[in-house]
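Student: Take a look at work_18.cif, mmCIF, C-alpha atoms:
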```cif
data_run
#
loop_
_atom_site.label_atom_id
_atom_site.label_comp_id
_atom_site.auth_asym_id
_atom_site.auth_seq_id
_atom_site.Cartn_x
_atom_site.Cartn_y
_atom_site.Cartn_z
CA MET A 1 219.64 155.38 190.81
CA LEU A 2 223.09 154.74 189.36
CA TYR A 3 224.64 155.16 192.82
CA ASN A 4 222.45 152.39 194.26
CA PHE A 5 223.25 150.12 191.31
CA LEU A 6 226.99 150.69 191.68
CA LYS A 7 226.76 150.14 195.45
CA LEU A 8 225.15 146.78 194.75
CA ILE A 9 227.51 145.66 192.00
CA LEU A 10 230.87 147.02 193.23
CA PRO A 11 231.32 144.61 196.17
CA ILE A 12 230.69 141.73 193.76
CA LEU A 13 233.23 143.06 191.27
CA LEU A 14 235.76 143.76 194.02
CA PHE A 15 235.32 140.39 195.73
CA PRO A 16 238.22 138.59 193.98
CA LEU A 17 240.52 141.55 194.56
CA THR A 18 239.82 142.55 198.13
CA LYS A 19 239.05 141.34 201.60
CA ILE A 20 237.35 144.25 203.36
CA GLU A 21 237.51 144.81 207.10
CA ILE A 22 235.43 147.63 208.55
CA LYS A 23 236.02 148.95 212.07
CA GLY A 24 233.84 151.46 213.88
CA LEU A 25 230.92 151.43 211.45
CA ASN A 26 228.58 152.65 214.20
CA ASN A 27 230.63 155.86 214.42
CA ILE A 28 228.90 157.17 211.29
CA PRO A 29 225.72 159.07 212.29
CA THR A 30 222.64 157.56 210.68
CA LYS A 31 221.26 160.98 209.76
CA GLY A 32 222.24 164.62 209.58
CA PRO A 33 225.09 166.42 207.81
CA VAL A 34 228.47 164.69 207.95
CA VAL A 35 231.89 165.53 206.52
CA LEU A 36 233.75 162.26 206.20
CA ILE A 37 237.50 162.83 205.93
CA SER A 38 239.98 160.18 204.86
CA ASN A 39 243.61 159.75 203.93
CA HIS A 40 244.20 159.31 200.19
CA THR A 41 246.67 156.86 198.66
CA SER A 42 244.82 155.38 195.68
CA ASN A 43 242.23 155.98 192.97
CA TRP A 44 240.40 153.09 194.63
CA ASP A 45 239.72 155.14 197.78
CA PRO A 46 236.38 156.74 196.75
CA VAL A 47 235.25 153.44 195.21
CA ILE A 48 235.92 151.52 198.43
CA LEU A 49 234.24 154.13 200.63
CA ALA A 50 231.16 154.39 198.40
CA ALA A 51 230.80 150.63 198.07
CA TYR A 52 231.07 149.67 201.72
CA LEU A 53 229.79 152.56 203.84
CA PRO A 54 226.05 152.61 204.58
CA ARG A 55 225.13 156.22 203.75
CA LYS A 56 225.25 157.75 200.29
CA LEU A 57 228.40 159.80 199.82
CA SER A 58 228.93 162.92 197.73
CA PHE A 59 232.54 163.39 196.63
CA MET A 60 234.55 166.32 195.41
CA ALA A 61 236.32 165.36 192.16
CA LYS A 62 238.85 167.21 190.04
CA GLU A 63 237.09 168.87 187.12
CA GLU A 64 239.30 167.09 184.56
CA LEU A 65 237.39 163.86 185.24
CA PHE A 66 234.14 165.44 184.03
CA LYS A 67 235.70 166.00 180.59
CA ILE A 68 236.40 162.29 180.02
CA PHE A 69 233.25 160.93 178.38
CA PHE A 70 232.64 157.65 180.23
CA ILE A 71 234.14 158.70 183.56
CA GLY A 72 232.40 162.07 183.32
CA LEU A 73 229.07 160.31 182.84
CA ILE A 74 229.64 158.26 185.98
CA VAL A 75 230.82 161.08 188.24
CA ARG A 76 227.90 163.27 187.18
CA ASN A 77 225.42 160.50 188.00
CA LEU A 78 227.14 160.01 191.34
CA GLU A 79 226.47 163.69 192.05
CA ALA A 80 230.19 164.41 192.37
CA ILE A 81 231.18 168.05 192.76
CA PRO A 82 233.75 169.31 190.21
CA VAL A 83 236.69 171.13 191.74
CA LYS A 84 239.24 173.39 190.07
CA ARG A 85 242.57 172.41 191.57
CA GLY A 86 245.17 174.99 192.51
CA ALA A 87 242.65 177.69 193.38
CA ALA A 88 239.87 178.44 195.85
CA ASP A 89 236.85 177.13 193.93
CA ARG A 90 233.92 179.07 195.40
CA ASN A 91 231.32 177.23 193.31
CA ALA A 92 232.57 173.85 194.59
CA ILE A 93 232.48 175.20 198.15
CA ARG A 94 228.89 176.41 197.71
CA GLN A 95 227.80 173.05 196.30
CA SER A 96 229.54 171.21 199.14
CA ILE A 97 227.80 173.31 201.78
CA LYS A 98 224.47 172.72 200.01
CA VAL A 99 225.03 168.94 200.32
CA LEU A 100 225.45 169.39 204.07
CA GLU A 101 222.46 171.71 204.38
CA GLU A 102 220.39 168.90 202.86
CA GLY A 103 221.56 166.60 205.67
CA LYS A 104 223.79 164.45 203.47
CA VAL A 105 227.35 163.10 203.70
CA LEU A 106 230.24 164.84 201.98
CA ALA A 107 233.38 162.71 201.62
CA MET A 108 236.67 164.60 201.35
CA PHE A 109 240.38 163.85 201.08
CA PRO A 110 241.89 166.88 202.88
CA GLU A 111 245.43 166.13 201.70
CA GLY A 112 244.27 167.41 198.32
CA THR A 113 246.07 164.73 196.33
CA ARG A 114 247.18 161.12 196.64
CA SER A 115 250.12 160.27 198.88
CA LYS A 116 252.55 158.11 196.90
CA THR A 117 254.35 156.97 200.05
CA GLY A 118 251.25 156.14 202.08
CA GLU A 119 252.24 158.72 204.70
CA VAL A 120 249.41 161.07 205.67
CA LYS A 121 250.31 164.50 204.29
CA ASP A 122 249.33 167.90 205.71
CA PHE A 123 245.60 168.61 205.60
CA GLN A 124 244.29 171.62 203.73
CA PRO A 125 241.84 173.79 205.73
CA GLY A 126 238.95 173.39 203.25
CA ALA A 127 237.36 170.39 204.97
CA ALA A 128 237.25 172.12 208.35
CA MET A 129 235.86 175.30 206.80
CA ILE A 130 233.13 173.48 204.87
CA ALA A 131 232.17 171.46 207.97
CA TYR A 132 231.95 174.69 209.98
CA ARG A 133 229.79 176.48 207.42
CA GLY A 134 227.62 173.40 206.88
CA LYS A 135 227.23 172.77 210.65
CA ALA A 136 228.33 169.18 210.08
CA THR A 137 229.66 166.37 212.23
CA ILE A 138 233.16 165.35 211.15
CA VAL A 139 233.98 161.63 210.94
CA PRO A 140 237.67 160.72 210.46
CA VAL A 141 238.56 157.58 208.50
CA GLY A 142 241.83 155.72 208.11
CA LEU A 143 241.88 153.75 204.86
CA LEU A 144 244.58 151.09 204.88
CA ASN A 145 246.17 149.23 201.98
CA ALA A 146 243.82 150.36 199.19
CA ARG A 147 246.81 151.27 197.04
CA ASN A 148 247.72 147.57 196.82
CA ILE A 149 244.41 146.55 195.23
CA GLY A 150 245.09 144.82 191.92
CA LYS A 151 248.52 143.52 192.93
CA GLY A 152 247.08 140.16 193.93
CA LEU A 153 243.94 138.35 195.00
CA PHE A 154 242.11 139.14 198.23
CA THR A 155 244.19 142.14 199.25
CA LYS A 156 243.16 143.04 202.78
CA VAL A 157 241.80 146.59 202.95
CA THR A 158 240.76 148.10 206.27
CA ILE A 159 238.30 150.97 206.69
CA ASN A 160 239.00 152.25 210.20
CA ILE A 161 236.28 154.74 211.24
CA GLY A 162 236.95 157.04 214.16
CA LYS A 163 234.70 158.72 216.70
CA PRO A 164 232.65 161.62 215.32
CA LEU A 165 233.75 165.16 216.14
CA GLU A 166 231.30 168.03 216.53
CA ILE A 167 232.52 171.16 214.76
CA ASN A 168 230.76 173.47 217.24
CA GLU A 169 232.79 171.89 220.05
CA LEU A 170 236.05 172.26 218.11
CA CYS A 171 235.31 175.92 217.40
CA LYS A 172 233.25 177.70 220.03
CA GLU A 173 234.38 181.19 219.03
CA LYS A 174 234.41 183.05 215.72
CA ILE A 175 236.22 181.08 213.02
CA THR A 176 239.57 182.41 211.83
CA GLY A 177 242.23 181.21 209.43
CA GLU A 178 244.42 180.32 212.39
CA LYS A 179 241.61 178.32 214.00
CA LEU A 180 240.97 176.44 210.74
CA GLU A 181 244.65 175.49 210.60
CA GLU A 182 244.47 174.30 214.20
CA ILE A 183 241.38 172.16 213.53
CA SER A 184 242.91 170.78 210.32
CA LYS A 185 246.02 169.71 212.25
CA LEU A 186 243.82 167.97 214.83
CA LEU A 187 241.88 166.16 212.08
CA GLN A 188 245.14 165.06 210.47
CA GLU A 189 246.31 163.63 213.80
CA LYS A 190 243.01 161.73 214.20
CA VAL A 191 243.38 160.16 210.73
CA ILE A 192 247.03 159.27 211.39
CA GLU A 193 245.95 157.49 214.59
CA LEU A 194 243.40 155.47 212.59
CA VAL A 195 245.94 154.60 209.89
CA GLU A 196 248.51 153.48 212.47
CA ASN A 197 245.99 151.59 214.63
CA LYS A 198 245.78 148.51 212.42
#
```
Could you write out this structure as C-alpha coordinates?

Tutor:
Amino acid sequence: MLYNFLKLILPILLFPLTKIEIKGLNNIPTKGPVVLISNHTSNWDPVILAAYLPRKLSFMAKEELFKIFFIGLIVRNLEAIPVKRGAADRNAIRQSIKVLEEGKVLAMFPEGTRSKTGEVKDFQPGAAMIAYRGKATIVPVGLLNARNIGKGLFTKVTINIGKPLEINELCKEKITGEKLEEISKLLQEKVIELVENK
(Lines of atoms letter the chains of each structure in order from A and count residues from 1; the text may use other names and numbers.)
(Lines give C-alpha, C1' and ligand atoms only; values in the text may rest on other atoms or scores of the structure.)
Protein backbone atom coordinates (compact mmCIF):
# COMPACT_ATOMS: atom_id res chain seq x y z
CA MET A 1 0.00 0.00 0.00
CA LEU A 2 2.68 2.49 1.04
CA TYR A 3 4.86 1.39 -1.88
CA ASN A 4 2.12 2.22 -4.40
CA PHE A 5 1.51 5.59 -2.73
CA LEU A 6 5.21 6.47 -2.80
CA LYS A 7 5.47 5.32 -6.42
CA LEU A 8 2.66 7.73 -7.28
CA ILE A 9 3.93 10.70 -5.28
CA LEU A 10 7.72 10.43 -5.78
CA PRO A 11 7.80 11.43 -9.48
CA ILE A 12 5.75 14.51 -8.56
CA LEU A 13 8.11 15.43 -5.73
CA LEU A 14 11.17 14.77 -7.89
CA PHE A 15 9.86 16.69 -10.90
CA PRO A 16 11.56 20.04 -10.10
CA LEU A 17 14.84 18.29 -9.31
CA THR A 18 15.19 15.76 -12.09
CA LYS A 19 14.67 15.07 -15.74
CA ILE A 20 14.48 11.29 -16.07
CA GLU A 21 15.50 9.40 -19.19
CA ILE A 22 14.86 5.65 -19.27
CA LYS A 23 16.51 3.41 -21.85
CA GLY A 24 15.74 -0.26 -22.39
CA LEU A 25 12.62 -0.44 -20.24
CA ASN A 26 11.40 -3.48 -22.19
CA ASN A 27 14.48 -5.39 -20.97
CA ILE A 28 12.80 -5.93 -17.59
CA PRO A 29 10.75 -9.16 -17.68
CA THR A 30 7.10 -8.51 -16.90
CA LYS A 31 6.91 -11.52 -14.59
CA GLY A 32 9.07 -14.05 -12.83
CA PRO A 33 12.02 -13.69 -10.44
CA VAL A 34 14.51 -10.97 -11.30
CA VAL A 35 17.69 -9.72 -9.63
CA LEU A 36 18.16 -6.14 -10.77
CA ILE A 37 21.75 -5.00 -10.26
CA SER A 38 22.88 -1.39 -10.44
CA ASN A 39 25.88 0.79 -9.77
CA HIS A 40 25.59 2.88 -6.60
CA THR A 41 26.70 6.50 -6.29
CA SER A 42 23.94 8.17 -4.26
CA ASN A 43 21.29 7.71 -1.57
CA TRP A 44 18.88 8.70 -4.34
CA ASP A 45 19.56 5.48 -6.28
CA PRO A 46 16.89 3.23 -4.67
CA VAL A 47 14.39 6.11 -4.73
CA ILE A 48 14.89 6.68 -8.46
CA LEU A 49 14.69 2.98 -9.31
CA ALA A 50 11.56 2.41 -7.20
CA ALA A 51 9.82 5.51 -8.55
CA TYR A 52 10.38 4.95 -12.25
CA LEU A 53 10.63 1.21 -12.90
CA PRO A 54 7.35 -0.63 -13.56
CA ARG A 55 7.66 -3.65 -11.24
CA LYS A 56 7.70 -3.48 -7.47
CA LEU A 57 11.24 -3.72 -6.12
CA SER A 58 12.46 -5.24 -2.89
CA PHE A 59 15.74 -3.75 -1.67
CA MET A 60 18.42 -4.87 0.71
CA ALA A 61 19.11 -2.07 3.23
CA LYS A 62 21.71 -1.73 5.96
CA GLU A 63 20.17 -2.64 9.30
CA GLU A 64 21.10 0.73 10.83
CA LEU A 65 18.31 2.36 8.80
CA PHE A 66 15.69 0.23 10.57
CA LYS A 67 16.69 1.76 13.92
CA ILE A 68 15.90 5.33 12.81
CA PHE A 69 12.23 5.85 13.67
CA PHE A 70 10.82 7.56 10.57
CA ILE A 71 13.17 5.98 8.04
CA GLY A 72 12.75 2.59 9.72
CA LEU A 73 8.98 2.89 9.37
CA ILE A 74 9.33 3.57 5.65
CA VAL A 75 11.83 0.82 4.86
CA ARG A 76 9.75 -1.74 6.76
CA ASN A 77 6.64 -0.79 4.80
CA LEU A 78 8.63 -1.01 1.59
CA GLU A 79 9.47 -4.61 2.55
CA ALA A 80 13.20 -3.83 2.59
CA ILE A 81 15.48 -6.59 3.84
CA PRO A 82 17.82 -5.58 6.70
CA VAL A 83 21.45 -6.51 6.13
CA LYS A 84 24.29 -6.69 8.63
CA ARG A 85 27.26 -5.14 6.88
CA GLY A 86 30.73 -6.59 7.16
CA ALA A 87 29.55 -10.18 7.55
CA ALA A 88 27.72 -12.90 5.64
CA ASP A 89 24.14 -12.27 6.79
CA ARG A 90 22.42 -15.63 6.30
CA ASN A 91 19.00 -14.33 7.36
CA ALA A 92 19.16 -11.55 4.74
CA ILE A 93 20.20 -14.11 2.12
CA ARG A 94 17.27 -16.38 3.03
CA GLN A 95 14.81 -13.48 2.83
CA SER A 96 16.25 -12.40 -0.52
CA ILE A 97 15.89 -15.88 -1.98
CA LYS A 98 12.31 -16.02 -0.67
CA VAL A 99 11.52 -12.81 -2.60
CA LEU A 100 12.74 -14.51 -5.77
CA GLU A 101 10.89 -17.74 -5.05
CA GLU A 102 7.71 -15.65 -4.92
CA GLY A 103 8.46 -14.40 -8.45
CA LYS A 104 9.34 -10.86 -7.40
CA VAL A 105 12.15 -8.41 -8.18
CA LEU A 106 15.11 -7.99 -5.86
CA ALA A 107 17.17 -4.84 -6.45
CA MET A 108 20.80 -4.97 -5.37
CA PHE A 109 23.89 -2.76 -5.44
CA PRO A 110 26.68 -5.36 -5.72
CA GLU A 111 29.44 -2.84 -4.97
CA GLY A 112 28.23 -3.02 -1.37
CA THR A 113 28.56 0.71 -0.75
CA ARG A 114 28.34 4.00 -2.60
CA SER A 115 31.12 4.99 -4.98
CA LYS A 116 32.21 8.53 -4.13
CA THR A 117 34.03 8.95 -7.45
CA GLY A 118 31.25 7.58 -9.66
CA GLU A 119 33.55 4.80 -10.88
CA VAL A 120 31.98 1.33 -10.73
CA LYS A 121 33.78 -0.58 -7.99
CA ASP A 122 34.37 -4.34 -7.79
CA PHE A 123 31.18 -6.38 -7.40
CA GLN A 124 30.73 -8.64 -4.40
CA PRO A 125 29.63 -12.21 -5.26
CA GLY A 126 26.39 -12.06 -3.22
CA ALA A 127 24.17 -10.90 -6.09
CA ALA A 128 25.29 -13.73 -8.37
CA MET A 129 24.89 -16.29 -5.59
CA ILE A 130 21.38 -15.11 -4.67
CA ALA A 131 20.33 -15.07 -8.35
CA TYR A 132 21.66 -18.62 -8.75
CA ARG A 133 19.87 -19.95 -5.67
CA GLY A 134 16.67 -18.07 -6.54
CA LYS A 135 16.76 -19.20 -10.20
CA ALA A 136 16.38 -15.57 -11.26
CA THR A 137 16.97 -13.58 -14.41
CA ILE A 138 19.62 -10.90 -13.87
CA VAL A 139 19.00 -7.42 -15.30
CA PRO A 140 21.97 -5.00 -15.25
CA VAL A 141 21.30 -1.27 -14.86
CA GLY A 142 23.56 1.73 -15.30
CA LEU A 143 22.31 4.67 -13.24
CA LEU A 144 23.83 7.94 -14.40
CA ASN A 145 24.09 11.27 -12.60
CA ALA A 146 21.85 10.51 -9.62
CA ARG A 147 24.53 11.82 -7.27
CA ASN A 148 23.99 15.32 -8.69
CA ILE A 149 20.31 15.46 -7.71
CA GLY A 150 19.72 18.48 -5.49
CA LYS A 151 22.57 20.53 -6.95
CA GLY A 152 20.23 22.32 -9.33
CA LEU A 153 16.89 22.13 -11.10
CA PHE A 154 16.08 19.45 -13.66
CA THR A 155 19.24 17.41 -13.26
CA LYS A 156 19.26 14.84 -16.05
CA VAL A 157 19.32 11.30 -14.65
CA THR A 158 19.50 8.32 -16.98
CA ILE A 159 18.36 4.80 -16.12
CA ASN A 160 20.09 2.62 -18.72
CA ILE A 161 18.68 -0.93 -18.57
CA GLY A 162 20.65 -3.73 -20.20
CA LYS A 163 19.64 -7.02 -21.75
CA PRO A 164 18.56 -9.70 -19.26
CA LEU A 165 20.99 -12.50 -18.44
CA GLU A 166 19.85 -16.00 -17.55
CA ILE A 167 21.76 -17.39 -14.58
CA ASN A 168 21.43 -20.99 -15.81
CA GLU A 169 23.23 -19.99 -19.02
CA LEU A 170 26.00 -18.21 -17.10
CA CYS A 171 26.50 -21.24 -14.86
CA LYS A 172 25.73 -24.59 -16.46
CA GLU A 173 27.84 -26.61 -14.03
CA LYS A 174 27.94 -26.81 -10.24
CA ILE A 175 28.41 -23.39 -8.66
CA THR A 176 31.74 -22.67 -7.00
CA GLY A 177 33.32 -19.65 -5.35
CA GLU A 178 35.54 -19.22 -8.39
CA LYS A 179 32.53 -19.34 -10.72
CA LEU A 180 30.68 -16.75 -8.61
CA GLU A 181 33.68 -14.43 -8.88
CA GLU A 182 33.74 -14.95 -12.65
CA ILE A 183 30.02 -14.16 -13.00
CA SER A 184 30.35 -11.13 -10.70
CA LYS A 185 33.16 -9.77 -12.89
CA LEU A 186 30.99 -10.25 -15.98
CA LEU A 187 28.07 -8.44 -14.31
CA GLN A 188 30.36 -5.57 -13.33
CA GLU A 189 31.51 -5.25 -16.94
CA LYS A 190 27.89 -5.18 -18.14
CA VAL A 191 27.04 -2.35 -15.71
CA ILE A 192 30.19 -0.42 -16.68
CA GLU A 193 29.12 -0.65 -20.34
CA LEU A 194 25.70 0.78 -19.43
CA VAL A 195 27.24 3.60 -17.38
CA GLU A 196 29.65 4.53 -20.18
CA ASN A 197 27.05 4.21 -22.96
CA LYS A 198 25.35 7.54 -22.31

Student: For Ser96 (chain A), which residue among A:Glu178, A:Asp122, A:Glu169, A:Glu79 is the nearest when counting only C-alpha atoms?

Tutor: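 Smallest distance to Ser96 (chain A) is found for A:Glu79.
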
Student: Could you list the residues chosen by the PyMOL selection byres ((chain A and resi 111) around 12) in this structure as a list of chain:residue names?

Tutor: A:Ile37, A:Ser38, A:Asn39, A:His40, A:Thr41, A:Met108, A:Phe109, A:Pro110, A:Gly112, A:Thr113, A:Arg114, A:Ser115, A:Lys116, A:Gly118, A:Glu119, A:Val120, A:Lys121, A:Asp122, A:Phe123, A:Gln124, A:Pro125, A:Gly126, A:Ala127, A:Ser184, A:Lys185, A:Leu187, A:Gln188, A:Val191, A:Ile192

Student: Keeping only C-alpha atoms, take the residues you just selected and write them out as an mmCIF file, keeping the file's coordinate frame.

Tutor:
```
data_model
loop_
_atom_site.group_PDB
_atom_site.id
_atom_site.type_symbol
_atom_site.label_atom_id
_atom_site.label_comp_id
_atom_site.auth_asym_id
_atom_site.auth_seq_id
_atom_site.Cartn_x
_atom_site.Cartn_y
_atom_site.Cartn_z
ATOM 1 C CA ILE A 37 237.500 162.830 205.930
ATOM 2 C CA SER A 38 239.980 160.180 204.860
ATOM 3 C CA ASN A 39 243.610 159.750 203.930
ATOM 4 C CA HIS A 40 244.200 159.310 200.190
ATOM 5 C CA THR A 41 246.670 156.860 198.660
ATOM 6 C CA MET A 108 236.670 164.600 201.350
ATOM 7 C CA PHE A 109 240.380 163.850 201.080
ATOM 8 C CA PRO A 110 241.890 166.880 202.880
ATOM 9 C CA GLY A 112 244.270 167.410 198.320
ATOM 10 C CA THR A 113 246.070 164.730 196.330
ATOM 11 C CA ARG A 114 247.180 161.120 196.640
ATOM 12 C CA SER A 115 250.120 160.270 198.880
ATOM 13 C CA LYS A 116 252.550 158.110 196.900
ATOM 14 C CA GLY A 118 251.250 156.140 202.080
ATOM 15 C CA GLU A 119 252.240 158.720 204.700
ATOM 16 C CA VAL A 120 249.410 161.070 205.670
ATOM 17 C CA LYS A 121 250.310 164.500 204.290
ATOM 18 C CA ASP A 122 249.330 167.900 205.710
ATOM 19 C CA PHE A 123 245.600 168.610 205.600
ATOM 20 C CA GLN A 124 244.290 171.620 203.730
ATOM 21 C CA PRO A 125 241.840 173.790 205.730
ATOM 22 C CA GLY A 126 238.950 173.390 203.250
ATOM 23 C CA ALA A 127 237.360 170.390 204.970
ATOM 24 C CA SER A 184 242.910 170.780 210.320
ATOM 25 C CA LYS A 185 246.020 169.710 212.250
ATOM 26 C CA LEU A 187 241.880 166.160 212.080
ATOM 27 C CA GLN A 188 245.140 165.060 210.470
ATOM 28 C CA VAL A 191 243.380 160.160 210.730
ATOM 29 C CA ILE A 192 247.030 159.270 211.390
#
```

Student: When the PyMOL selection byres ((chain A and resi 81) around 6) is applied to the structure above, which residues does it catch, written out as a PyMOL selection string?

Tutor: chain A and resi 60-61+80+82

Student: Return as a tab-separated table the residues of region 9-99 of chain A lying at most 12 Å from region 143-159 of chain A, together with the closest atom-to-atom pair for each and the distance in Å to one decimal, counting all atoms listed in the file, with rows in chain order and ascending residue number.

Tutor:
```
residue	atom	partner	partner_atom	distance
A:Leu13	CA	A:Phe154	CA	11.9
A:Leu14	CA	A:Phe154	CA	8.9
A:Phe15	CA	A:Phe154	CA	7.3
A:Pro16	CA	A:Phe154	CA	5.8
A:Leu17	CA	A:Phe154	CA	4.7
A:Thr18	CA	A:Phe154	CA	4.1
A:Lys19	CA	A:Lys156	CA	4.6
A:Ile20	CA	A:Val157	CA	5.0
A:Glu21	CA	A:Thr158	CA	4.7
A:Ile22	CA	A:Ile159	CA	4.8
A:Lys23	CA	A:Ile159	CA	6.2
A:Gly24	CA	A:Ile159	CA	8.5
A:Leu25	CA	A:Ile159	CA	8.8
A:Asn27	CA	A:Ile159	CA	11.9
A:Leu36	CA	A:Leu143	CA	11.8
A:Ile37	CA	A:Leu143	CA	10.1
A:Ser38	CA	A:Leu143	CA	6.7
A:Asn39	CA	A:Leu143	CA	6.3
A:His40	CA	A:Leu143	CA	7.6
A:Thr41	CA	A:Arg147	CA	5.8
A:Ser42	CA	A:Arg147	CA	4.8
A:Asn43	CA	A:Arg147	CA	7.7
A:Trp44	CA	A:Ala146	CA	6.3
A:Asp45	CA	A:Ala146	CA	6.5
A:Pro46	CA	A:Ala146	CA	10.1
A:Val47	CA	A:Ala146	CA	9.9
A:Ile48	CA	A:Ala146	CA	8.0
A:Leu49	CA	A:Ile159	CA	7.9
A:Ala50	CA	A:Ile159	CA	11.5
A:Ala51	CA	A:Ile159	CA	11.4
A:Tyr52	CA	A:Ile159	CA	8.9
A:Leu53	CA	A:Ile159	CA	9.1
```

Student: What does the file look like for those residues with C-alpha atoms, as a PDB file, in the frame of the given file?

Tutor:
```pdb
ATOM      1  CA  LEU A  13     233.230 143.060 191.270  1.00  0.00           C
ATOM      2  CA  LEU A  14     235.760 143.760 194.020  1.00  0.00           C
ATOM      3  CA  PHE A  15     235.320 140.390 195.730  1.00  0.00           C
ATOM      4  CA  PRO A  16     238.220 138.590 193.980  1.00  0.00           C
ATOM      5  CA  LEU A  17     240.520 141.550 194.560  1.00  0.00           C
ATOM      6  CA  THR A  18     239.820 142.550 198.130  1.00  0.00           C
ATOM      7  CA  LYS A  19     239.050 141.340 201.600  1.00  0.00           C
ATOM      8  CA  ILE A  20     237.350 144.250 203.360  1.00  0.00           C
ATOM      9  CA  GLU A  21     237.510 144.810 207.100  1.00  0.00           C
ATOM     10  CA  ILE A  22     235.430 147.630 208.550  1.00  0.00           C
ATOM     11  CA  LYS A  23     236.020 148.950 212.070  1.00  0.00           C
ATOM     12  CA  GLY A  24     233.840 151.460 213.880  1.00  0.00           C
ATOM     13  CA  LEU A  25     230.920 151.430 211.450  1.00  0.00           C
ATOM     14  CA  ASN A  27     230.630 155.860 214.420  1.00  0.00           C
ATOM     15  CA  LEU A  36     233.750 162.260 206.200  1.00  0.00           C
ATOM     16  CA  ILE A  37     237.500 162.830 205.930  1.00  0.00           C
ATOM     17  CA  SER A  38     239.980 160.180 204.860  1.00  0.00           C
ATOM     18  CA  ASN A  39     243.610 159.750 203.930  1.00  0.00           C
ATOM     19  CA  HIS A  40     244.200 159.310 200.190  1.00  0.00           C
ATOM     20  CA  THR A  41     246.670 156.860 198.660  1.00  0.00           C
ATOM     21  CA  SER A  42     244.820 155.380 195.680  1.00  0.00           C
ATOM     22  CA  ASN A  43     242.230 155.980 192.970  1.00  0.00           C
ATOM     23  CA  TRP A  44     240.400 153.090 194.630  1.00  0.00           C
ATOM     24  CA  ASP A  45     239.720 155.140 197.780  1.00  0.00           C
ATOM     25  CA  PRO A  46     236.380 156.740 196.750  1.00  0.00           C
ATOM     26  CA  VAL A  47     235.250 153.440 195.210  1.00  0.00           C
ATOM     27  CA  ILE A  48     235.920 151.520 198.430  1.00  0.00           C
ATOM     28  CA  LEU A  49     234.240 154.130 200.630  1.00  0.00           C
ATOM     29  CA  ALA A  50     231.160 154.390 198.400  1.00  0.00           C
ATOM     30  CA  ALA A  51     230.800 150.630 198.070  1.00  0.00           C
ATOM     31  CA  TYR A  52     231.070 149.670 201.720  1.00  0.00           C
ATOM     32  CA  LEU A  53     229.790 152.560 203.840  1.00  0.00           C
TER      33      LEU A  53
END
```

Student: Counting all atoms listed in the file, which of A:Arg90, A:Arg55, A:Lys7, A:Lys31 gets nearest to Glu102 (chain A)?

Tutor: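 Counting all atoms listed in the file, the residue closest to Glu102 (chain A) is A:Lys31.
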
Student: What does the structure give for the distance between CA of Asn168 (chain A) and CA of Arg133 (chain A), in Å to one decimal?

Tutor: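 Interatomic distance here is 10.3 Å.
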
Student: For the structure provided, state which residues fall under the PyMOL selection byres ((chain A and resi 65) around 12), and present them as JSON, numbers by chain.

Tutor: {"A": [60, 61, 62, 63, 64, 66, 67, 68, 69, 70, 71, 72, 73, 74, 75, 76, 80, 81, 82, 83, 84, 85]}

Student: Between A:Ala107, A:Leu2, A:Leu165, A:Leu57, which has the minimum distance to Tyr132 (chain A) (counting all atoms listed in the file)?

Tutor: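 With all atoms listed in the file as the atom set, the closest residue is A:Leu165.
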